[in-house]
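Content type PDB, C-alpha atoms, pLDDT in the B column, from the file input-v4.pdb:
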ATOM      1  CA  MET A1437      37.874 145.102 127.743  1.00 84.00           C
ATOM      2  CA  ILE A1438      38.463 148.803 127.090  1.00 90.00           C
ATOM      3  CA  LYS A1439      35.758 151.451 126.963  1.00 94.00           C
ATOM      4  CA  CYS A1440      35.199 154.138 124.325  1.00 94.00           C
ATOM      5  CA  LYS A1441      36.829 156.842 126.444  1.00 93.00           C
ATOM      6  CA  GLU A1442      40.011 154.768 126.720  1.00 94.00           C
ATOM      7  CA  PHE A1443      39.935 154.039 123.005  1.00 93.00           C
ATOM      8  CA  LEU A1444      39.748 157.743 122.189  1.00 93.00           C
ATOM      9  CA  LYS A1445      42.707 158.486 124.477  1.00 94.00           C
ATOM     10  CA  GLU A1446      44.813 155.988 122.521  1.00 95.00           C
ATOM     11  CA  LEU A1447      43.514 156.861 119.034  1.00 94.00           C
ATOM     12  CA  THR A1448      46.405 159.125 118.017  1.00 92.00           C
ATOM     13  CA  ASP A1449      49.053 156.603 119.016  1.00 94.00           C
ATOM     14  CA  TYR A1450      47.027 153.844 117.351  1.00 94.00           C
ATOM     15  CA  LEU A1451      46.903 155.717 114.054  1.00 93.00           C
ATOM     16  CA  ASP A1452      50.575 156.699 114.320  1.00 92.00           C
ATOM     17  CA  GLY A1453      51.527 153.068 114.962  1.00 92.00           C
ATOM     18  CA  THR A1454      53.392 153.989 118.156  1.00 94.00           C
ATOM     19  CA  ILE A1455      51.439 151.710 120.463  1.00 93.00           C
ATOM     20  CA  SER A1456      52.354 148.372 121.987  1.00 95.00           C
ATOM     21  CA  VAL A1457      51.116 145.202 120.325  1.00 95.00           C
ATOM     22  CA  SER A1458      48.949 144.268 123.308  1.00 95.00           C
ATOM     23  CA  VAL A1459      47.228 147.669 123.419  1.00 94.00           C
ATOM     24  CA  ARG A1460      46.771 147.598 119.630  1.00 94.00           C
ATOM     25  CA  GLU A1461      45.048 144.207 119.927  1.00 95.00           C
ATOM     26  CA  GLU A1462      42.724 145.547 122.637  1.00 95.00           C
ATOM     27  CA  LEU A1463      41.849 148.580 120.510  1.00 95.00           C
ATOM     28  CA  GLU A1464      41.182 146.445 117.452  1.00 95.00           C
ATOM     29  CA  GLU A1465      38.954 144.145 119.510  1.00 95.00           C
ATOM     30  CA  HIS A1466      37.035 147.222 120.650  1.00 95.00           C
ATOM     31  CA  LEU A1467      36.662 148.346 117.028  1.00 94.00           C
ATOM     32  CA  HIS A1468      35.050 145.023 116.095  1.00 94.00           C
ATOM     33  CA  TRP A1469      32.026 145.637 118.306  1.00 95.00           C
ATOM     34  CA  CYS A1470      31.885 149.451 118.681  1.00 95.00           C
ATOM     35  CA  HIS A1471      30.482 151.096 115.564  1.00 94.00           C
ATOM     36  CA  GLU A1472      30.842 154.650 116.958  1.00 94.00           C
ATOM     37  CA  CYS A1473      34.578 154.309 117.649  1.00 94.00           C
ATOM     38  CA  HIS A1474      35.061 152.647 114.273  1.00 95.00           C
ATOM     39  CA  VAL A1475      33.457 155.665 112.575  1.00 95.00           C
ATOM     40  CA  VAL A1476      35.593 158.098 114.618  1.00 95.00           C
ATOM     41  CA  MET A1477      38.756 156.146 113.785  1.00 94.00           C
ATOM     42  CA  ASN A1478      37.955 155.992 110.052  1.00 93.00           C
ATOM     43  CA  THR A1479      37.003 159.668 109.874  1.00 93.00           C
ATOM     44  CA  THR A1480      40.141 160.727 111.736  1.00 93.00           C
ATOM     45  CA  LYS A1481      42.327 158.503 109.573  1.00 92.00           C
ATOM     46  CA  LYS A1482      40.817 159.863 106.344  1.00 88.00           C
ATOM     47  CA  THR A1483      41.157 163.453 107.558  1.00 85.00           C
ATOM     48  CA  ILE A1484      44.834 162.892 108.335  1.00 86.00           C
ATOM     49  CA  GLU A1485      45.371 161.321 104.904  1.00 83.00           C
ATOM     50  CA  ILE A1486      43.732 164.274 103.134  1.00 79.00           C
ATOM     51  CA  TYR A1487      45.852 166.812 104.986  1.00 79.00           C
ATOM     52  CA  ARG A1488      48.989 164.729 104.578  1.00 78.00           C
ATOM     53  CA  ASP A1489      48.453 164.521 100.801  1.00 71.00           C
ATOM     54  CA  ASN A1490      47.931 168.293 100.722  1.00 74.00           C
ATOM     55  CA  GLN A1491      45.559 167.940  97.790  1.00 69.00           C
ATOM     56  CA  ILE A1492      42.877 170.443  96.914  1.00 72.00           C
ATOM     57  CA  PHE A1493      39.525 168.913  96.088  1.00 72.00           C
ATOM     58  CA  GLU A1494      37.130 170.831  93.883  1.00 80.00           C
ATOM     59  CA  LEU A1495      33.537 170.914  95.046  1.00 79.00           C
ATOM     60  CA  PRO A1496      30.942 169.961  92.465  1.00 88.00           C
ATOM     61  CA  GLU A1497      29.439 173.160  91.032  1.00 92.00           C
ATOM     62  CA  PRO A1498      25.910 172.590  92.408  1.00 92.00           C
ATOM     63  CA  LEU A1499      27.305 172.072  95.909  1.00 89.00           C
ATOM     64  CA  ARG A1500      29.632 175.063  95.593  1.00 88.00           C
ATOM     65  CA  ASN A1501      26.723 177.264  94.474  1.00 90.00           C
ATOM     66  CA  LYS A1502      24.489 176.032  97.281  1.00 92.00           C
ATOM     67  CA  LEU A1503      27.221 176.695  99.847  1.00 88.00           C
ATOM     68  CA  HIS A1504      27.897 180.157  98.375  1.00 89.00           C
ATOM     69  CA  ASP A1505      24.193 181.044  98.469  1.00 89.00           C
ATOM     70  CA  ALA A1506      23.902 179.851 102.075  1.00 89.00           C
ATOM     71  CA  ILE A1507      26.885 181.974 103.141  1.00 88.00           C
ATOM     72  CA  ILE A1508      25.552 185.072 101.362  1.00 88.00           C
ATOM     73  CA  SER A1509      22.104 184.547 102.863  1.00 88.00           C
ATOM     74  CA  LYS A1510      23.568 184.135 106.347  1.00 83.00           C
ATOM     75  CA  CYS A1511      25.670 187.297 105.944  1.00 85.00           C
ATOM     76  CA  LYS A1512      22.680 189.319 104.751  1.00 81.00           C
ATOM     77  CA  HIS A1513      20.553 187.991 107.608  1.00 72.00           C
ATOM     78  CA  SER A1514      23.293 188.759 110.094  1.00 69.00           C
ATOM     79  CA  LYS A1515      23.704 192.328 108.815  1.00 68.00           C
ATOM     80  CA  SER A1516      19.956 192.989 108.857  1.00 67.00           C
ATOM     81  CA  GLY A1517      19.745 191.675 112.423  1.00 59.00           C
ATOM     82  CA  LYS A1518      22.484 194.055 113.584  1.00 52.00           C
ATOM     83  CA  THR A1519      20.853 196.995 111.816  1.00 44.00           C
ATOM     84  CA  ARG A1520      17.545 196.427 113.616  1.00 45.00           C
ATOM     85  CA  SER A1521      19.094 196.060 117.032  1.00 44.00           C
ATOM     86  CA  SER A1522      21.260 199.169 116.672  1.00 43.00           C
ATOM     87  CA  SER A1523      18.315 201.454 115.724  1.00 40.00           C
TER      88      SER A1523
END
Please re-express this file's structure in structure tokens.
Amino acid sequence: MIKCKEFLKELTDYLDGTISVSVREELEEHLHWCHECHVVMNTTKKTIEIYRDNQIFELPEPLRNKLHDAIISKCKHSKSGKTRSSS
């Protein structure tokens, strides 16, 4: 039975479909009982699909505004911190 570290080493080849049948079966067996590796595999697969499709996804306006406000706040805080330390 393979361990998580071995699974992660083979993940790229697994997702590309360039892995032997026996190794694929071992990886899939591992996925049946290891929730963490299953999440990593699904997240990686979805990320690849998004980039491969090259689609732009619009953020919902409330989320976009919240993100914008957080960035502005962080920038202001960062600038005020530098001003104090340089005095």
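Proximity to Leu1451 in chain A was assessed for A:Asp1505, A:Glu1494, A:Glu1485, A:Glu1465 counting all atoms listed in the file; the smallest distance is recorded for A:Glu1485.
The two atoms in question, CA of Glu1472 in chain A and CA of Pro1496 in chain A, are spaced 28.9 Å apart.
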Practice problem: Mind giving me the straight-line distance from CA of Glu1464 in chain A to CA of Ile1486 in chain A in Å, one decimal? | Solution: 23.0 Å
Quiz prompt | Of the listed residues A:Ile1438, A:Met1477, A:Leu1444, A:Leu1503, that which approaches Glu1462 in chain A most closely, counting only C-alpha atoms | solution =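 Among the listed residues, A:Ile1438 lies closest to Glu1462 in chain A.
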Quiz prompt | Using all atoms listed in the file: which of A:His1474, A:Arg1500, A:Arg1488, A:Lys1445 has the shortest distance to Val1459 in chain A | solution = A:Lys1445
Exercise. Work out how far CA of Val1476 in chain A is from CA of Glu1442 in chain A, in Å to one decimal.
Key: 13.3 Å
Please put the answer as AutoDock Vina command-line options: centre and edge lengths, in Å with one decimal, of a box along x, y and z that encloses all listed atoms of range 1449-1454 of chain A plus 3 Å on each side.
--center_x 50.1 --center_y 154.9 --center_z 116.5 --size_x 12.5 --size_y 9.6 --size_z 11.0
Exercise. Would you translate the PyMOL selection byres ((chain A and resi 1450) around 12) into the concrete set of residues it matches in this file, as a ChimeraX atom specification?
Key: /A:1442-1449,1451-1464,1467,1477-1478,1480-1481
Quiz item: Which is closer to Trp1469 in chain A than all the others in A:Ile1507, A:Leu1499, A:Met1437, A:Ile1492, using all atoms listed in the file?
Solution: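 The shortest atom-to-atom distance to Trp1469 in chain A comes from A:Met1437.
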